[in-house]
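A.B. asks: Input run_25.pdb, format and content: PDB, C-alpha atoms, pLDDT in the B column.
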```pdb
ATOM      1  CA  MET A   1      56.594  39.139 -50.322  1.00 77.00           C
ATOM      2  CA  PRO A   2      59.581  37.216 -51.707  1.00 89.00           C
ATOM      3  CA  VAL A   3      59.053  38.990 -55.032  1.00 89.00           C
ATOM      4  CA  ILE A   4      59.327  42.378 -53.328  1.00 92.00           C
ATOM      5  CA  LEU A   5      62.561  41.314 -51.617  1.00 94.00           C
ATOM      6  CA  LEU A   6      63.915  40.068 -54.943  1.00 93.00           C
ATOM      7  CA  ILE A   7      63.067  43.381 -56.595  1.00 94.00           C
ATOM      8  CA  ALA A   8      64.774  45.336 -53.798  1.00 95.00           C
ATOM      9  CA  ALA A   9      67.868  43.145 -54.057  1.00 95.00           C
ATOM     10  CA  LEU A  10      67.997  43.495 -57.852  1.00 94.00           C
ATOM     11  CA  VAL A  11      67.646  47.261 -57.660  1.00 95.00           C
ATOM     12  CA  GLY A  12      70.462  47.461 -55.123  1.00 95.00           C
ATOM     13  CA  LEU A  13      72.742  45.098 -57.017  1.00 95.00           C
ATOM     14  CA  ARG A  14      72.078  46.829 -60.326  1.00 94.00           C
ATOM     15  CA  TYR A  15      72.494  50.332 -58.900  1.00 95.00           C
ATOM     16  CA  PHE A  16      75.823  49.531 -57.241  1.00 95.00           C
ATOM     17  CA  GLU A  17      76.933  47.500 -60.278  1.00 93.00           C
ATOM     18  CA  VAL A  18      77.748  44.332 -58.376  1.00 92.00           C
ATOM     19  CA  TRP A  19      79.165  41.339 -60.290  1.00 92.00           C
ATOM     20  CA  ARG A  20      77.044  40.297 -63.295  1.00 92.00           C
ATOM     21  CA  PHE A  21      74.169  42.487 -62.248  1.00 91.00           C
ATOM     22  CA  ALA A  22      76.105  45.484 -63.585  1.00 93.00           C
ATOM     23  CA  GLU A  23      75.297  44.253 -67.096  1.00 94.00           C
ATOM     24  CA  LEU A  24      71.633  43.549 -66.295  1.00 92.00           C
ATOM     25  CA  SER A  25      69.237  45.777 -68.166  1.00 94.00           C
ATOM     26  CA  TRP A  26      66.969  47.998 -66.100  1.00 95.00           C
ATOM     27  CA  TRP A  27      64.118  46.665 -68.202  1.00 96.00           C
ATOM     28  CA  TRP A  28      64.377  43.309 -66.402  1.00 94.00           C
ATOM     29  CA  VAL A  29      63.986  45.046 -63.058  1.00 94.00           C
ATOM     30  CA  ILE A  30      61.104  47.190 -64.310  1.00 96.00           C
ATOM     31  CA  GLY A  31      59.474  44.096 -65.831  1.00 96.00           C
ATOM     32  CA  LEU A  32      59.679  42.295 -62.505  1.00 95.00           C
ATOM     33  CA  MET A  33      58.127  45.327 -60.793  1.00 96.00           C
ATOM     34  CA  PHE A  34      55.313  45.310 -63.346  1.00 97.00           C
ATOM     35  CA  ALA A  35      54.737  41.578 -62.807  1.00 95.00           C
ATOM     36  CA  ALA A  36      54.562  42.131 -59.031  1.00 95.00           C
ATOM     37  CA  PHE A  37      52.086  44.966 -59.536  1.00 95.00           C
ATOM     38  CA  ILE A  38      49.854  42.784 -61.715  1.00 95.00           C
ATOM     39  CA  TRP A  39      50.075  39.957 -59.165  1.00 91.00           C
ATOM     40  CA  PHE A  40      49.175  42.047 -56.116  1.00 89.00           C
ATOM     41  CA  GLU A  41      46.516  44.160 -57.807  1.00 90.00           C
ATOM     42  CA  PHE A  42      44.679  41.580 -59.883  1.00 92.00           C
ATOM     43  CA  VAL A  43      45.733  37.934 -59.488  1.00 89.00           C
ATOM     44  CA  GLU A  44      45.502  37.869 -55.685  1.00 86.00           C
ATOM     45  CA  LYS A  45      42.006  39.333 -55.825  1.00 84.00           C
ATOM     46  CA  ILE A  46      40.897  36.899 -58.522  1.00 88.00           C
ATOM     47  CA  PHE A  47      42.012  33.883 -56.471  1.00 87.00           C
ATOM     48  CA  GLY A  48      40.910  35.402 -53.149  1.00 83.00           C
ATOM     49  CA  LEU A  49      44.382  35.194 -51.639  1.00 77.00           C
ATOM     50  CA  ASP A  50      44.048  38.644 -50.094  1.00 75.00           C
ATOM     51  CA  LYS A  51      40.993  37.569 -48.063  1.00 82.00           C
ATOM     52  CA  LYS A  52      42.303  34.157 -47.029  1.00 80.00           C
ATOM     53  CA  LYS A  53      44.321  35.379 -44.040  1.00 77.00           C
ATOM     54  CA  ALA A  54      41.481  37.544 -42.729  1.00 81.00           C
ATOM     55  CA  HIS A  55      39.088  34.615 -43.104  1.00 87.00           C
ATOM     56  CA  ASN A  56      41.421  32.331 -41.129  1.00 86.00           C
ATOM     57  CA  VAL A  57      41.624  34.856 -38.284  1.00 87.00           C
ATOM     58  CA  ASP A  58      37.827  35.191 -38.192  1.00 90.00           C
ATOM     59  CA  GLU A  59      37.432  31.404 -38.215  1.00 92.00           C
ATOM     60  CA  ALA A  60      39.820  30.999 -35.265  1.00 91.00           C
ATOM     61  CA  ARG A  61      37.966  33.724 -33.342  1.00 93.00           C
ATOM     62  CA  ARG A  62      34.630  32.006 -34.048  1.00 93.00           C
ATOM     63  CA  LYS A  63      35.928  28.628 -32.874  1.00 93.00           C
ATOM     64  CA  ALA A  64      37.253  30.158 -29.657  1.00 92.00           C
ATOM     65  CA  ARG A  65      33.886  31.829 -29.017  1.00 92.00           C
ATOM     66  CA  VAL A  66      31.986  28.562 -29.590  1.00 91.00           C
ATOM     67  CA  LYS A  67      34.383  26.649 -27.340  1.00 89.00           C
ATOM     68  CA  GLU A  68      33.968  29.234 -24.586  1.00 89.00           C
ATOM     69  CA  ALA A  69      30.169  29.076 -24.885  1.00 87.00           C
ATOM     70  CA  PHE A  70      30.176  25.258 -24.555  1.00 85.00           C
ATOM     71  CA  GLU A  71      32.493  25.408 -21.540  1.00 84.00           C
ATOM     72  CA  LYS A  72      30.147  27.872 -19.810  1.00 82.00           C
ATOM     73  CA  ALA A  73      27.171  25.623 -20.571  1.00 80.00           C
ATOM     74  CA  ASN A  74      28.950  22.543 -19.183  1.00 79.00           C
ATOM     75  CA  LYS A  75      29.896  24.298 -15.917  1.00 76.00           C
ATOM     76  CA  LYS A  76      26.255  25.027 -15.058  1.00 65.00           C
TER      77      LYS A  76
END
```
Could you render the structure as structure tokens?

C.D. replies:
Amino acid sequence: MPVILLIAALVGLRYFEVWRFAELSWWWVIGLMFAAFIWFEFVEKIFGLDKKKAHNVDEARRKARVKEAFEKANKK
């Protein structure tokens, strides 16, 4: 996500020709967009980073279910 914010900021700064960004080539911005695309489409999937958050949510749900089952068993 920080890369996307950086790209948005660079596009805005370059478009409105702010400070030194007025001299920045559009190719740098396009290159950063390409790098972000490669990251989100391929690298995240290779390392499993896209599934990590979903797995953590499922794990927390499973632990809560097990805890609830043990509490019911202890009350009887």

A.B. asks: Pick the closest to Phe21 in chain A from A:Lys67, A:Ala9, A:Ala60, A:Met33: which is it, counting all atoms listed in the file?

C.D. replies: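 Distance minimum relative to Phe21 in chain A lands on A:Ala9.
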
A.B. asks: Tell me, in Å to one decimal, how far CA of Ala22 in chain A is from CA of Ala8 in chain A.

C.D. replies: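 Straight-line distance from CA of Ala22 in chain A to CA of Ala8 in chain A works out to 15.0 Å.
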
A.B. asks: Do you have the CA of Ala54 in chain A-CA of Met1 in chain A distance handy?

C.D. replies: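 Between CA of Ala54 in chain A and CA of Met1 in chain A the gap works out to 17.0 Å.
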
A.B. asks: What is the distance between CA of Pro2 in chain A and CA of Trp27 in chain A, in Å to one decimal?

C.D. replies: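 Between these atoms lies a distance of 19.5 Å.
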
A.B. asks: Please put the answer as JSON: centre and edge lengths, in Å with one decimal, of a box along x, y and z that encloses all listed atoms of range 15-28 of chain A plus 6 Å on each side.

C.D. replies:
```
{"center_x": 71.6, "center_y": 45.3, "center_z": -62.7, "size_x": 27.0, "size_y": 22.0, "size_z": 23.0}
```

A.B. asks: So that I can see what lies close to Leu10 in chain A, please list as number ranges by chain the residues with an atom at most 9 Å from it, counting only C-alpha atoms and leaving out residues fewer than 5 positions away in the same chain.

C.D. replies: A: 5, 15, 21, 29

A.B. asks: Decode the PyMOL selection byres ((chain A and resi 36) around 12) for the given file into explicit residues and return them as a PyMOL selection string.

C.D. replies: chain A and resi 1-8+29-35+37-44

A.B. asks: Give me the residues near Leu24 in chain A as a list in words, where near means some atom within 12 Å (using only C-alpha atoms) and where sequence neighbours in that chain fewer than 6 positions away do not count.

C.D. replies: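 After dropping sequence-adjacent residues, the list is Leu10, Val11, Gly12, Leu13, Arg14, Tyr15, Phe16, Glu17, Val18 and Ile30 of chain A.
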
A.B. asks: Could you write range 10-40 of chain A as a JSON list (two decimals), in the frame of the given file, with N, CA and C atoms rebuilt where they are missing?

C.D. replies:
```
[["chain", "number", "residue", "atom", "x", "y", "z"],
["A", 10, "LEU", "N", 67.57, 43.22, -56.48],
["A", 10, "LEU", "CA", 68.00, 43.50, -57.85],
["A", 10, "LEU", "C", 68.27, 44.98, -58.07],
["A", 11, "VAL", "N", 67.43, 45.82, -57.52],
["A", 11, "VAL", "CA", 67.65, 47.26, -57.66],
["A", 11, "VAL", "C", 68.97, 47.65, -57.01],
["A", 12, "GLY", "N", 69.21, 47.15, -55.81],
["A", 12, "GLY", "CA", 70.46, 47.46, -55.12],
["A", 12, "GLY", "C", 71.68, 46.94, -55.86],
["A", 13, "LEU", "N", 71.61, 45.69, -56.30],
["A", 13, "LEU", "CA", 72.74, 45.10, -57.02],
["A", 13, "LEU", "C", 72.99, 45.80, -58.35],
["A", 14, "ARG", "N", 71.93, 46.15, -59.03],
["A", 14, "ARG", "CA", 72.08, 46.83, -60.33],
["A", 14, "ARG", "C", 72.59, 48.25, -60.13],
["A", 15, "TYR", "N", 72.09, 48.94, -59.14],
["A", 15, "TYR", "CA", 72.49, 50.33, -58.90],
["A", 15, "TYR", "C", 73.98, 50.42, -58.53],
["A", 16, "PHE", "N", 74.43, 49.51, -57.67],
["A", 16, "PHE", "CA", 75.82, 49.53, -57.24],
["A", 16, "PHE", "C", 76.74, 48.72, -58.16],
["A", 17, "GLU", "N", 76.19, 48.23, -59.26],
["A", 17, "GLU", "CA", 76.93, 47.50, -60.28],
["A", 17, "GLU", "C", 77.78, 46.36, -59.70],
["A", 18, "VAL", "N", 77.10, 45.48, -59.00],
["A", 18, "VAL", "CA", 77.75, 44.33, -58.38],
["A", 18, "VAL", "C", 77.76, 43.16, -59.35],
["A", 19, "TRP", "N", 78.93, 42.57, -59.54],
["A", 19, "TRP", "CA", 79.17, 41.34, -60.29],
["A", 19, "TRP", "C", 78.49, 41.38, -61.64],
["A", 20, "ARG", "N", 77.70, 40.37, -61.98],
["A", 20, "ARG", "CA", 77.04, 40.30, -63.30],
["A", 20, "ARG", "C", 75.80, 41.17, -63.38],
["A", 21, "PHE", "N", 75.37, 41.65, -62.24],
["A", 21, "PHE", "CA", 74.17, 42.49, -62.25],
["A", 21, "PHE", "C", 74.46, 43.86, -62.84],
["A", 22, "ALA", "N", 75.74, 44.21, -62.96],
["A", 22, "ALA", "CA", 76.10, 45.48, -63.58],
["A", 22, "ALA", "C", 75.69, 45.51, -65.05],
["A", 23, "GLU", "N", 75.66, 44.35, -65.68],
["A", 23, "GLU", "CA", 75.30, 44.25, -67.10],
["A", 23, "GLU", "C", 73.80, 44.03, -67.30],
["A", 24, "LEU", "N", 73.07, 43.81, -66.22],
["A", 24, "LEU", "CA", 71.63, 43.55, -66.30],
["A", 24, "LEU", "C", 70.89, 44.81, -66.74],
["A", 25, "SER", "N", 70.01, 44.65, -67.68],
["A", 25, "SER", "CA", 69.24, 45.78, -68.17],
["A", 25, "SER", "C", 68.21, 46.20, -67.11],
["A", 26, "TRP", "N", 67.99, 47.50, -67.03],
["A", 26, "TRP", "CA", 66.97, 48.00, -66.10],
["A", 26, "TRP", "C", 65.59, 47.51, -66.50],
["A", 27, "TRP", "N", 65.42, 47.15, -67.75],
["A", 27, "TRP", "CA", 64.12, 46.66, -68.20],
["A", 27, "TRP", "C", 63.72, 45.37, -67.51],
["A", 28, "TRP", "N", 64.69, 44.53, -67.15],
["A", 28, "TRP", "CA", 64.38, 43.31, -66.40],
["A", 28, "TRP", "C", 63.83, 43.66, -65.02],
["A", 29, "VAL", "N", 64.43, 44.63, -64.39],
["A", 29, "VAL", "CA", 63.99, 45.05, -63.06],
["A", 29, "VAL", "C", 62.60, 45.67, -63.15],
["A", 30, "ILE", "N", 62.40, 46.54, -64.13],
["A", 30, "ILE", "CA", 61.10, 47.19, -64.31],
["A", 30, "ILE", "C", 60.04, 46.15, -64.67],
["A", 31, "GLY", "N", 60.41, 45.17, -65.48],
["A", 31, "GLY", "CA", 59.47, 44.10, -65.83],
["A", 31, "GLY", "C", 59.05, 43.29, -64.62],
["A", 32, "LEU", "N", 60.00, 43.02, -63.73],
["A", 32, "LEU", "CA", 59.68, 42.30, -62.50],
["A", 32, "LEU", "C", 58.77, 43.12, -61.60],
["A", 33, "MET", "N", 59.01, 44.44, -61.57],
["A", 33, "MET", "CA", 58.13, 45.33, -60.79],
["A", 33, "MET", "C", 56.71, 45.32, -61.37],
["A", 34, "PHE", "N", 56.62, 45.35, -62.68],
["A", 34, "PHE", "CA", 55.31, 45.31, -63.35],
["A", 34, "PHE", "C", 54.60, 44.00, -63.06],
["A", 35, "ALA", "N", 55.33, 42.89, -63.10],
["A", 35, "ALA", "CA", 54.74, 41.58, -62.81],
["A", 35, "ALA", "C", 54.23, 41.53, -61.36],
["A", 36, "ALA", "N", 55.00, 42.09, -60.43],
["A", 36, "ALA", "CA", 54.56, 42.13, -59.03],
["A", 36, "ALA", "C", 53.31, 42.98, -58.88],
["A", 37, "PHE", "N", 53.26, 44.10, -59.59],
["A", 37, "PHE", "CA", 52.09, 44.97, -59.54],
["A", 37, "PHE", "C", 50.85, 44.23, -60.02],
["A", 38, "ILE", "N", 50.98, 43.55, -61.17],
["A", 38, "ILE", "CA", 49.85, 42.78, -61.72],
["A", 38, "ILE", "C", 49.42, 41.71, -60.73],
["A", 39, "TRP", "N", 50.39, 41.02, -60.12],
["A", 39, "TRP", "CA", 50.08, 39.96, -59.16],
["A", 39, "TRP", "C", 49.28, 40.50, -57.98],
["A", 40, "PHE", "N", 49.80, 41.55, -57.34],
["A", 40, "PHE", "CA", 49.18, 42.05, -56.12],
["A", 40, "PHE", "C", 47.88, 42.80, -56.37]]
```
